[in-house]
>>> print(open('final.cif').read())   # mmCIF, C-alpha atoms and all ligand atoms
data_input
loop_
_atom_site.label_atom_id
_atom_site.label_comp_id
_atom_site.auth_asym_id
_atom_site.auth_seq_id
_atom_site.Cartn_x
_atom_site.Cartn_y
_atom_site.Cartn_z
CA MET A 17 0.00 0.00 0.00
CA THR A 18 1.16 3.50 -0.78
CA THR A 19 2.32 5.60 2.17
CA LYS A 20 0.76 8.79 0.78
CA PRO A 21 -1.66 10.40 3.26
CA SER A 22 -5.39 10.02 2.83
CA PRO A 23 -7.29 13.08 1.55
CA VAL A 24 -10.32 11.66 3.39
CA ARG A 25 -11.12 13.16 6.81
CA ALA A 26 -13.64 12.55 9.57
CA ASP A 27 -15.31 15.79 10.73
CA ILE A 28 -15.52 14.46 14.31
CA ASP A 29 -12.78 13.62 16.82
CA LEU A 30 -12.39 9.84 16.88
CA GLU A 31 -10.06 9.89 19.91
CA ALA A 32 -11.84 11.91 22.62
CA PRO A 33 -14.17 10.32 25.21
CA GLY A 34 -17.92 10.67 24.67
CA LYS A 35 -20.28 10.11 21.75
CA ARG A 36 -20.16 11.98 18.47
CA VAL A 37 -21.99 11.50 15.17
CA GLY A 38 -20.64 13.11 12.02
CA HIS A 39 -19.29 12.33 8.60
CA VAL A 40 -16.26 10.98 6.81
CA ARG A 41 -15.64 13.46 3.99
CA VAL A 42 -14.49 11.95 0.70
CA PRO A 43 -13.44 14.70 -1.76
CA HIS A 44 -15.55 14.55 -4.93
CA SER A 45 -15.49 17.49 -7.32
CA THR A 46 -18.40 17.43 -9.77
CA HIS A 47 -20.26 19.73 -12.16
CA GLU A 48 -22.87 20.32 -9.45
CA SER A 49 -20.42 20.74 -6.57
CA ALA A 50 -16.95 21.99 -7.50
CA TYR A 51 -15.44 21.78 -4.00
CA GLY A 52 -17.79 19.05 -2.78
CA TRP A 53 -17.36 15.89 -0.78
CA ILE A 54 -19.29 12.69 -0.22
CA ALA A 55 -20.55 12.60 3.38
CA VAL A 56 -20.33 9.08 4.83
CA PRO A 57 -22.07 8.93 8.24
CA ILE A 58 -19.86 7.80 11.15
CA ALA A 59 -20.30 7.61 14.91
CA VAL A 60 -17.80 7.05 17.71
CA VAL A 61 -18.67 6.06 21.27
CA LYS A 62 -15.71 6.02 23.67
CA ASN A 63 -15.37 5.61 27.41
CA GLY A 64 -12.66 4.33 29.77
CA GLU A 65 -10.22 1.58 28.92
CA GLY A 66 -10.78 -1.27 26.50
CA LEU A 67 -10.52 -2.43 22.92
CA SER A 68 -11.33 -0.27 19.89
CA VAL A 69 -13.83 -1.95 17.56
CA LEU A 70 -14.82 -1.00 13.99
CA LEU A 71 -18.32 -1.99 12.81
CA THR A 72 -19.16 -1.45 9.13
CA ALA A 73 -22.07 -2.18 6.78
CA GLY A 74 -23.13 -0.89 3.38
CA ASN A 75 -19.76 -1.93 1.91
CA HIS A 76 -22.09 -3.31 -0.76
CA GLY A 77 -24.97 -0.83 -0.94
CA ASP A 78 -27.81 -3.32 -1.58
CA GLU A 79 -27.27 -5.35 1.62
CA TYR A 80 -29.56 -4.08 4.34
CA GLU A 81 -29.50 -6.07 7.60
CA GLY A 82 -26.16 -4.52 8.56
CA GLN A 83 -27.14 -1.00 7.54
CA ILE A 84 -30.27 -1.17 9.71
CA ALA A 85 -28.53 -2.88 12.65
CA LEU A 86 -25.78 -0.24 12.72
CA LEU A 87 -28.25 2.66 12.40
CA LYS A 88 -29.99 1.25 15.50
CA LEU A 89 -26.70 0.80 17.38
CA MET A 90 -25.57 4.28 16.36
CA ARG A 91 -28.67 5.82 17.96
CA GLU A 92 -28.82 3.61 21.04
CA LEU A 93 -25.24 3.09 22.24
CA GLN A 94 -24.17 5.51 24.98
CA PRO A 95 -20.71 6.17 26.47
CA SER A 96 -21.85 4.91 29.91
CA GLN A 97 -22.41 1.46 28.32
CA VAL A 98 -18.92 1.27 26.78
CA SER A 99 -15.48 0.26 28.05
CA GLY A 100 -13.23 1.11 25.13
CA ARG A 101 -14.32 2.53 21.81
CA VAL A 102 -16.82 1.64 19.09
CA ILE A 103 -16.62 3.23 15.62
CA ILE A 104 -19.80 2.68 13.58
CA ILE A 105 -20.22 3.23 9.82
CA PRO A 106 -23.62 1.96 8.58
CA ARG A 107 -23.19 2.83 4.88
CA LEU A 108 -19.50 2.57 4.07
CA ASN A 109 -19.80 2.96 0.29
CA LEU A 110 -22.39 5.71 0.65
CA PRO A 111 -22.98 6.39 -3.08
CA ALA A 112 -23.71 2.68 -3.62
CA ALA A 113 -25.99 2.51 -0.56
CA ALA A 114 -27.86 5.68 -1.56
CA ALA A 115 -28.52 4.13 -4.98
CA GLY A 116 -29.44 0.72 -3.51
CA ARG A 117 -26.71 -0.88 -5.59
CA ARG A 118 -23.82 -3.25 -4.90
CA THR A 119 -21.39 -0.94 -6.66
CA SER A 120 -20.99 2.83 -6.68
CA PRO A 121 -22.78 4.68 -9.50
CA ILE A 122 -20.06 7.36 -9.30
CA ASP A 123 -17.11 5.21 -10.35
CA ASP A 124 -18.60 1.71 -10.75
CA GLY A 125 -16.42 0.78 -7.76
CA ASN A 126 -16.96 -2.50 -5.93
CA LEU A 127 -15.57 -1.44 -2.54
CA ASN A 128 -14.97 -4.99 -1.32
CA ARG A 129 -12.70 -5.66 -4.32
CA VAL A 130 -10.40 -2.61 -4.06
CA PHE A 131 -8.80 -2.88 -0.61
CA PRO A 132 -6.27 -1.72 0.57
CA GLY A 133 -7.38 1.19 -1.64
CA ASP A 134 -5.60 4.17 -3.13
CA PRO A 135 -5.48 7.71 -1.66
CA GLU A 136 -5.22 9.14 -5.20
CA GLY A 137 -7.78 6.80 -6.75
CA THR A 138 -11.53 6.91 -7.31
CA PRO A 139 -13.90 7.78 -4.43
CA THR A 140 -14.43 4.05 -3.79
CA GLU A 141 -10.65 3.45 -3.68
CA GLN A 142 -10.21 6.46 -1.37
CA ILE A 143 -12.82 5.06 1.06
CA ALA A 144 -10.97 1.71 1.10
CA HIS A 145 -7.65 3.45 1.72
CA TYR A 146 -9.10 5.53 4.57
CA VAL A 147 -10.48 2.39 6.24
CA THR A 148 -7.16 0.58 5.84
CA SER A 149 -4.73 3.35 6.75
CA VAL A 150 -6.75 5.22 9.41
CA LEU A 151 -9.58 3.12 10.89
CA LEU A 152 -8.07 -0.39 10.91
CA ALA A 153 -4.78 1.09 12.16
CA GLN A 154 -6.43 2.44 15.31
CA THR A 155 -8.76 -0.50 16.10
CA GLN A 156 -8.17 -4.14 17.07
CA ALA A 157 -11.39 -5.93 16.10
CA SER A 158 -13.99 -5.52 13.37
CA ILE A 159 -17.04 -6.94 11.64
CA ASP A 160 -18.01 -6.01 8.08
CA ILE A 161 -21.70 -6.94 7.84
CA HIS A 162 -22.73 -8.27 4.43
CA SER A 163 -25.85 -9.99 3.07
CA GLY A 164 -26.46 -11.64 -0.27
CA GLY A 165 -27.42 -8.39 -1.98
CA SER A 166 -29.77 -8.09 -4.94
CA SER A 167 -28.47 -11.14 -6.78
CA LEU A 168 -27.97 -13.68 -3.94
CA GLU A 169 -29.78 -14.98 -0.87
CA TYR A 170 -27.94 -16.80 1.95
CA LEU A 171 -28.93 -18.92 4.88
CA PRO A 172 -27.91 -16.39 7.56
CA CYS A 173 -24.29 -16.93 8.54
CA ALA A 174 -21.03 -15.41 9.65
CA PHE A 175 -18.58 -15.64 6.75
CA ALA A 176 -14.93 -15.81 7.70
CA ARG A 177 -11.60 -15.88 5.97
CA VAL A 178 -9.38 -18.26 7.87
CA PRO A 179 -6.35 -16.43 9.41
CA GLU A 180 -2.99 -18.13 8.90
CA ASP A 181 -1.88 -17.37 12.46
CA ALA A 182 -3.15 -20.08 14.82
CA GLY A 183 -3.63 -17.70 17.76
CA LEU A 184 -5.64 -15.25 15.68
CA ARG A 185 -7.62 -18.17 14.21
CA ALA A 186 -8.62 -19.30 17.71
CA ARG A 187 -9.66 -15.78 18.75
CA GLN A 188 -11.67 -15.40 15.53
CA ARG A 189 -13.38 -18.76 16.16
CA ALA A 190 -14.40 -17.67 19.68
CA ALA A 191 -15.75 -14.36 18.34
CA LEU A 192 -17.72 -16.17 15.61
CA GLN A 193 -19.37 -18.37 18.24
CA ALA A 194 -20.15 -15.29 20.33
CA PHE A 195 -21.71 -13.47 17.34
CA GLY A 196 -24.27 -16.25 17.37
CA ALA A 197 -25.41 -16.63 13.76
CA PRO A 198 -26.93 -20.09 13.13
CA MET A 199 -23.89 -20.96 10.97
CA ALA A 200 -20.35 -19.73 10.44
CA ILE A 201 -18.84 -20.51 7.06
CA MET A 202 -15.05 -20.71 7.02
CA VAL A 203 -13.82 -19.76 3.56
CA GLU A 204 -10.59 -21.52 2.75
CA LYS A 205 -10.22 -20.15 -0.79
CA PRO A 206 -11.72 -16.63 -0.75
CA GLN A 207 -13.07 -15.06 -3.95
CA THR A 208 -10.79 -12.07 -3.37
CA ASN A 209 -7.80 -10.93 -1.34
CA ARG A 210 -8.91 -7.31 -1.73
CA SER A 211 -11.78 -7.33 0.80
CA LEU A 212 -12.06 -5.35 4.02
CA SER A 213 -11.86 -8.66 5.91
CA ALA A 214 -8.62 -9.58 4.15
CA VAL A 215 -6.83 -6.37 5.12
CA ALA A 216 -8.32 -6.43 8.64
CA ILE A 217 -7.04 -9.96 9.28
CA ALA A 218 -3.67 -9.05 7.74
CA ALA A 219 -3.55 -6.16 10.25
CA GLY A 220 -4.04 -8.65 13.09
CA HIS A 221 -7.70 -7.90 13.72
CA VAL A 222 -10.16 -10.33 15.24
CA SER A 223 -12.42 -9.93 12.22
CA PHE A 224 -14.96 -11.59 9.98
CA ALA A 225 -17.72 -10.74 7.53
CA THR A 226 -21.28 -12.05 7.43
CA GLU A 227 -23.81 -13.16 4.82
CA ILE A 228 -27.08 -12.46 6.63
CA GLY A 229 -29.97 -13.12 4.26
CA GLY A 230 -30.09 -10.87 1.24
CA ALA A 231 -32.30 -10.84 -1.85
CA GLY A 232 -32.26 -7.05 -1.60
CA SER A 233 -34.41 -6.92 1.53
CA THR A 234 -34.58 -7.98 5.19
CA ARG A 235 -36.74 -10.33 7.26
CA PRO A 236 -37.41 -10.20 11.02
CA ALA A 237 -35.30 -13.32 11.66
CA THR A 238 -32.31 -12.12 9.64
CA GLN A 239 -32.52 -8.59 11.07
CA ALA A 240 -32.49 -9.97 14.63
CA ILE A 241 -29.27 -11.89 13.90
CA ALA A 242 -27.56 -8.67 12.79
CA ASP A 243 -29.06 -6.53 15.58
CA MET A 244 -28.05 -8.92 18.37
CA GLY A 245 -24.88 -10.25 16.72
CA VAL A 246 -23.06 -6.92 16.85
CA ARG A 247 -24.01 -6.54 20.52
CA ARG A 248 -22.88 -10.09 21.36
CA PHE A 249 -19.59 -9.41 19.52
CA LEU A 250 -19.01 -6.22 21.56
CA ALA A 251 -19.89 -8.05 24.80
CA HIS A 252 -17.52 -10.91 23.91
CA LEU A 253 -14.71 -8.35 23.54
CA GLY A 254 -15.57 -6.76 26.91
CA VAL A 255 -16.59 -3.46 25.28
CA ILE A 256 -20.20 -3.58 26.51
CA ALA A 257 -21.80 -5.51 29.40
CA SER A 258 -22.81 -9.09 28.68
CA VAL A 259 -25.94 -9.74 26.64
CA PRO A 260 -27.98 -12.97 26.55
CA PRO A 261 -26.19 -15.61 24.45
CA VAL A 262 -27.98 -17.54 21.73
CA ALA A 263 -29.62 -20.84 22.68
CA ALA A 264 -27.96 -22.98 20.00
CA PRO A 265 -24.23 -23.06 19.19
CA THR A 266 -23.12 -21.81 15.80
CA ARG A 267 -22.74 -24.63 13.25
CA LEU A 268 -19.25 -24.48 11.76
CA MET A 269 -19.18 -25.02 8.00
CA ARG A 270 -16.57 -24.74 5.28
CA VAL A 271 -16.53 -23.82 1.61
CA VAL A 272 -13.73 -25.74 -0.03
CA GLY A 273 -13.52 -24.65 -3.66
CA ALA A 274 -15.01 -24.92 -7.12
CA GLU A 275 -16.93 -28.16 -6.46
CA HIS A 276 -19.15 -26.26 -4.02
CA TYR A 277 -20.41 -23.87 -6.73
CA VAL A 278 -22.70 -24.17 -9.74
CA TYR A 279 -22.33 -21.44 -12.37
CA GLY A 280 -24.41 -20.53 -15.39
CA ARG A 281 -22.82 -21.66 -18.66
CA VAL A 282 -25.48 -20.40 -21.08
CA ARG A 283 -27.97 -17.52 -21.24
CA GLY A 284 -31.55 -18.30 -20.26
CA LEU A 285 -34.09 -18.73 -17.46
CA PHE A 286 -32.94 -20.75 -14.46
CA GLU A 287 -35.45 -23.08 -12.79
CA PRO A 288 -33.92 -24.34 -9.52
CA ASP A 289 -34.64 -27.87 -8.32
CA PHE A 290 -33.51 -27.13 -4.74
CA THR A 291 -34.39 -24.95 -1.77
CA LEU A 292 -32.01 -23.15 0.60
CA GLY A 293 -31.17 -25.61 3.38
CA ASP A 294 -31.39 -28.74 1.19
CA VAL A 295 -28.68 -31.38 1.62
CA VAL A 296 -27.44 -32.52 -1.80
CA LYS A 297 -24.92 -34.95 -3.28
CA ARG A 298 -22.57 -34.77 -6.27
CA GLY A 299 -24.59 -35.58 -9.39
CA ASP A 300 -27.93 -34.46 -7.91
CA ARG A 301 -29.86 -32.19 -10.25
CA ALA A 302 -29.49 -28.46 -9.39
CA GLY A 303 -32.06 -27.32 -11.96
CA TRP A 304 -32.59 -26.43 -15.58
CA ILE A 305 -31.79 -23.48 -17.84
CA HIS A 306 -34.63 -22.84 -20.27
CA PHE A 307 -34.17 -21.14 -23.64
CA PRO A 308 -37.17 -18.80 -24.03
CA GLU A 309 -35.96 -17.56 -27.42
CA GLU A 310 -35.84 -21.15 -28.74
CA PRO A 311 -39.06 -22.63 -27.28
CA GLU A 312 -38.64 -25.95 -29.09
CA ARG A 313 -35.18 -26.51 -27.54
CA ALA A 314 -34.96 -28.81 -24.49
CA PRO A 315 -33.69 -27.13 -21.32
CA ARG A 316 -30.08 -27.68 -20.18
CA GLU A 317 -29.90 -29.73 -16.99
CA LEU A 318 -27.35 -28.65 -14.36
CA CYS A 319 -26.00 -30.90 -11.60
CA PHE A 320 -24.18 -30.31 -8.32
CA GLU A 321 -20.46 -31.09 -8.52
CA GLY A 322 -19.98 -31.80 -4.81
CA ASP A 323 -21.80 -32.80 -1.61
CA GLY A 324 -23.12 -30.32 0.92
CA LEU A 325 -25.77 -28.03 2.32
CA VAL A 326 -27.33 -25.45 -0.02
CA VAL A 327 -26.41 -22.16 1.70
CA CYS A 328 -26.74 -19.63 -1.13
CA ARG A 329 -28.93 -19.20 -4.21
CA ARG A 330 -29.11 -16.71 -7.07
CA VAL A 331 -32.24 -14.51 -6.85
CA PRO A 332 -32.93 -13.34 -10.43
CA SER A 333 -34.17 -16.06 -12.78
CA LEU A 334 -32.43 -14.50 -15.78
CA VAL A 335 -28.94 -15.98 -15.95
CA ALA A 336 -25.89 -15.56 -18.13
CA PRO A 337 -22.59 -17.45 -18.42
CA GLY A 338 -20.53 -16.79 -15.29
CA ASP A 339 -23.44 -16.13 -12.90
CA CYS A 340 -23.24 -18.00 -9.59
CA LEU A 341 -26.53 -19.96 -9.36
CA VAL A 342 -26.05 -21.82 -6.08
CA HIS A 343 -23.32 -22.74 -3.65
CA LEU A 344 -22.86 -25.33 -0.97
CA ALA A 345 -21.01 -25.65 2.32
CA SER A 346 -19.97 -28.73 4.31
CA ASP A 347 -19.70 -29.35 8.04
CA MET A 348 -16.18 -28.79 9.44
CA CA B 1 -21.60 -8.53 0.01
#
>>> encode(input="final.cif", output="structure tokens", more="lines below")
Ligand code: CA
Amino acid sequence: MTTKPSPVRADIDLEAPGKRVGHVRVPHSTHESAYGWIAVPIAVVKNGEGLSVLLTAGNHGDEYEGQIALLKLMRELQPSQVSGRVIIIPRLNLPAAAAGRRTSPIDDGNLNRVFPGDPEGTPTEQIAHYVTSVLLAQTQASIDIHSGGSSLEYLPCAFARVPEDAGLRARQRAALQAFGAPMAIMVEKPQTNRSLSAVAIAAGHVSFATEIGGAGSTRPATQAIADMGVRRFLAHLGVIASVPPVAAPTRLMRVVGAEHYVYGRVRGLFEPDFTLGDVVKRGDRAGWIHFPEEPERAPRELCFEGDGLVVCRRVPSLVAPGDCLVHLASDM
């Protein structure tokens, strides 16, 4: 990562005791606003001694459980409840969140694919660089709350890159159990090394992401996992007083590699032959792709290439080559 300073600034003091709500200002000069900036809401709640924790959502703008959970926490959390410091950013890639899109309409930036960022890059790259160089550098633990977004729906889970360091791996495992999602999926071959989670873990953070629901909306059950999960995480770290734990332990799962995924190979309409939560075997039918422009043509049958639990499905029925249609996970 470049050592050039970030042009991005918070307009509140992140170090002083107390509670402050303000904005992270990302310079963005446009036709409408020559000296303007993008105002990303941020809150800090600090009191006494303890760990500093960074909580983010809206990294992808069309994932809502985390945005709503952090807006609630931002309003409710008071300094008297905190030992340490909590930094809360509910809509990290604000232009994407404001548009209800995964990526930013300003620069087409996919924030979770550009870390560690670039201080002289696009607004999305500048946000990533600010998180890496300023926020992760002054905190020790973090959660980046994701959901499936517009194109995917997940069985609600924590979603964790596996740290190489054994000590950090054990601390992450304990924090995942404390977060209390029904499942935690350990990702052994991540899709990207340029995520917030990747740079957080590289910085020594106790950190993970989540995939809580999705399909471009929220449900009471998925929202409750996000709302309570961030509080259980803070309590686990000793930053807030203990909160009631979940009744059932988190089921530890793993995603191994390509055999856990089924991708679209042709353009058409996908008819799934599975439901989220199904247990399937290699060779089982995953569904069919129909060819609406060639009605006489038989549909293409797709099969699973591995064994496992169906944890994620594509939401839109229209598919193209390269679209992820479904993926599996296996018990650890
Ligand atoms: Ca996401």
>>> closest_residue(input="final.cif", among="A:Val271, A:Leu86, A:Val150, A:Val259", to="Pro206 in chain A", atoms="all atoms listed in the file")
A:Val271
>>> closest_residue(input="final.cif", among="A:Leu325, A:Ala144, A:Ala176, A:Ala50", to="Leu127 in chain A", atoms="all atoms listed in the file")
A:Ala144
>>> residues_near_ligand(input="final.cif", ligand="ligand CA 1 (chain B)", cutoff="6 Å", atoms="all atoms listed in the file", output="MDAnalysis selection string")
chainID A and resid 76 162:164
>>> atom_distance(input="final.cif", atom1="CA of Val327 in chain A", atom2="CA of Pro172 in chain A")
8.4 Å
>>> closest_residue(input="final.cif", among="A:Ala174, A:Leu184, A:Leu152, A:Val130", to="Ile201 in chain A", atoms="all atoms listed in the file")
A:Ala174
>>> closest_residue(input="final.cif", among="A:Thr140, A:Thr291, A:Gln97, A:Thr19", to="Val255 in chain A", atoms="only C-alpha atoms")
A:Gln97
>>> atom_distance(input="final.cif", atom1="CA of Leu108 in chain A", atom2="CA of Gly74 in chain A")
5.1 Å
>>> closest_residue(input="final.cif", among="A:Ala263, A:Val278, A:Gln188, A:Arg270", to="Asp347 in chain A", atoms="only C-alpha atoms")
A:Arg270
>>> closest_residue(input="final.cif", among="A:Gly116, A:Pro95, A:Gly284, A:Pro236", to="Gly77 in chain A", atoms="only C-alpha atoms")
A:Gly116
>>> residues_near_point(input="final.cif", point="(-8.3, 2.0, 13.4)", cutoff="12 Å", atoms="all atoms listed in the file", output="PyMOL selection string")
chain A and resi 30-31+60+67-71+101-104+145-158+215-216+219-221
>>> atom_distance(input="final.cif", atom1="CA of Ile84 in chain A", atom2="CA of Thr234 in chain A")
9.2 Å
>>> residues_around(input="final.cif", residues="range 339-342 of chain A", least_positions_apart="6", cutoff="7 Å", atoms="only C-alpha atoms", output="list in words")
Tyr277, Val278, Tyr279, Gly280, Cys328, Arg329 and Arg330 of chain A
>>> build_atoms(input="final.cif", residues="range 18-34 of chain A", atoms="N, CA, C and O atoms", output="PDB file, in the frame of the given file")
ATOM      1  N   THR A  18       0.444   2.237  -0.739  1.00  0.00           N
ATOM      2  CA  THR A  18       1.160   3.500  -0.780  1.00  0.00           C
ATOM      3  C   THR A  18       1.183   4.145   0.610  1.00  0.00           C
ATOM      4  O   THR A  18       0.301   3.935   1.418  1.00  0.00           O
ATOM      5  N   THR A  19       2.237   4.927   0.869  1.00  0.00           N
ATOM      6  CA  THR A  19       2.320   5.600   2.170  1.00  0.00           C
ATOM      7  C   THR A  19       1.825   7.042   2.071  1.00  0.00           C
ATOM      8  O   THR A  19       1.924   7.800   3.020  1.00  0.00           O
ATOM      9  N   LYS A  20       1.296   7.433   0.903  1.00  0.00           N
ATOM     10  CA  LYS A  20       0.760   8.790   0.780  1.00  0.00           C
ATOM     11  C   LYS A  20      -0.416   8.976   1.730  1.00  0.00           C
ATOM     12  O   LYS A  20      -1.179   8.036   1.952  1.00  0.00           O
ATOM     13  N   PRO A  21      -0.565  10.190   2.299  1.00  0.00           N
ATOM     14  CA  PRO A  21      -1.660  10.400   3.260  1.00  0.00           C
ATOM     15  C   PRO A  21      -3.017  10.384   2.573  1.00  0.00           C
ATOM     16  O   PRO A  21      -3.136  10.679   1.385  1.00  0.00           O
ATOM     17  N   SER A  22      -4.032  10.033   3.344  1.00  0.00           N
ATOM     18  CA  SER A  22      -5.390  10.020   2.830  1.00  0.00           C
ATOM     19  C   SER A  22      -5.936  11.435   2.731  1.00  0.00           C
ATOM     20  O   SER A  22      -5.784  12.224   3.671  1.00  0.00           O
ATOM     21  N   PRO A  23      -6.601  11.789   1.623  1.00  0.00           N
ATOM     22  CA  PRO A  23      -7.290  13.080   1.550  1.00  0.00           C
ATOM     23  C   PRO A  23      -8.648  13.030   2.258  1.00  0.00           C
ATOM     24  O   PRO A  23      -9.352  14.041   2.355  1.00  0.00           O
ATOM     25  N   VAL A  24      -9.017  11.857   2.741  1.00  0.00           N
ATOM     26  CA  VAL A  24     -10.320  11.660   3.390  1.00  0.00           C
ATOM     27  C   VAL A  24     -10.168  12.014   4.870  1.00  0.00           C
ATOM     28  O   VAL A  24      -9.175  11.654   5.500  1.00  0.00           O
ATOM     29  N   ARG A  25     -11.161  12.715   5.415  1.00  0.00           N
ATOM     30  CA  ARG A  25     -11.120  13.160   6.810  1.00  0.00           C
ATOM     31  C   ARG A  25     -12.464  12.915   7.475  1.00  0.00           C
ATOM     32  O   ARG A  25     -13.496  13.142   6.857  1.00  0.00           O
ATOM     33  N   ALA A  26     -12.423  12.534   8.768  1.00  0.00           N
ATOM     34  CA  ALA A  26     -13.640  12.550   9.570  1.00  0.00           C
ATOM     35  C   ALA A  26     -13.819  13.956  10.138  1.00  0.00           C
ATOM     36  O   ALA A  26     -12.833  14.588  10.539  1.00  0.00           O
ATOM     37  N   ASP A  27     -15.070  14.447  10.178  1.00  0.00           N
ATOM     38  CA  ASP A  27     -15.310  15.790  10.730  1.00  0.00           C
ATOM     39  C   ASP A  27     -15.633  15.741  12.220  1.00  0.00           C
ATOM     40  O   ASP A  27     -16.103  16.719  12.793  1.00  0.00           O
ATOM     41  N   ILE A  28     -15.402  14.581  12.852  1.00  0.00           N
ATOM     42  CA  ILE A  28     -15.520  14.460  14.310  1.00  0.00           C
ATOM     43  C   ILE A  28     -14.208  13.906  14.853  1.00  0.00           C
ATOM     44  O   ILE A  28     -13.452  13.268  14.127  1.00  0.00           O
ATOM     45  N   ASP A  29     -13.961  14.159  16.138  1.00  0.00           N
ATOM     46  CA  ASP A  29     -12.780  13.620  16.820  1.00  0.00           C
ATOM     47  C   ASP A  29     -13.041  12.158  17.157  1.00  0.00           C
ATOM     48  O   ASP A  29     -14.002  11.846  17.866  1.00  0.00           O
ATOM     49  N   LEU A  30     -12.205  11.271  16.629  1.00  0.00           N
ATOM     50  CA  LEU A  30     -12.390   9.840  16.880  1.00  0.00           C
ATOM     51  C   LEU A  30     -11.667   9.387  18.144  1.00  0.00           C
ATOM     52  O   LEU A  30     -11.783   8.230  18.543  1.00  0.00           O
ATOM     53  N   GLU A  31     -10.906  10.282  18.774  1.00  0.00           N
ATOM     54  CA  GLU A  31     -10.060   9.890  19.910  1.00  0.00           C
ATOM     55  C   GLU A  31     -10.656  10.285  21.263  1.00  0.00           C
ATOM     56  O   GLU A  31     -10.389   9.625  22.268  1.00  0.00           O
ATOM     57  N   ALA A  32     -11.414  11.370  21.318  1.00  0.00           N
ATOM     58  CA  ALA A  32     -11.840  11.910  22.620  1.00  0.00           C
ATOM     59  C   ALA A  32     -12.966  11.076  23.224  1.00  0.00           C
ATOM     60  O   ALA A  32     -13.741  10.460  22.493  1.00  0.00           O
ATOM     61  N   PRO A  33     -13.057  11.024  24.574  1.00  0.00           N
ATOM     62  CA  PRO A  33     -14.170  10.320  25.210  1.00  0.00           C
ATOM     63  C   PRO A  33     -15.508  10.959  24.857  1.00  0.00           C
ATOM     64  O   PRO A  33     -15.583  12.136  24.508  1.00  0.00           O
ATOM     65  N   GLY A  34     -16.579  10.157  24.945  1.00  0.00           N
ATOM     66  CA  GLY A  34     -17.920  10.670  24.670  1.00  0.00           C
ATOM     67  C   GLY A  34     -18.500  10.046  23.416  1.00  0.00           C
ATOM     68  O   GLY A  34     -17.960   9.076  22.883  1.00  0.00           O
TER      69      GLY A  34
END
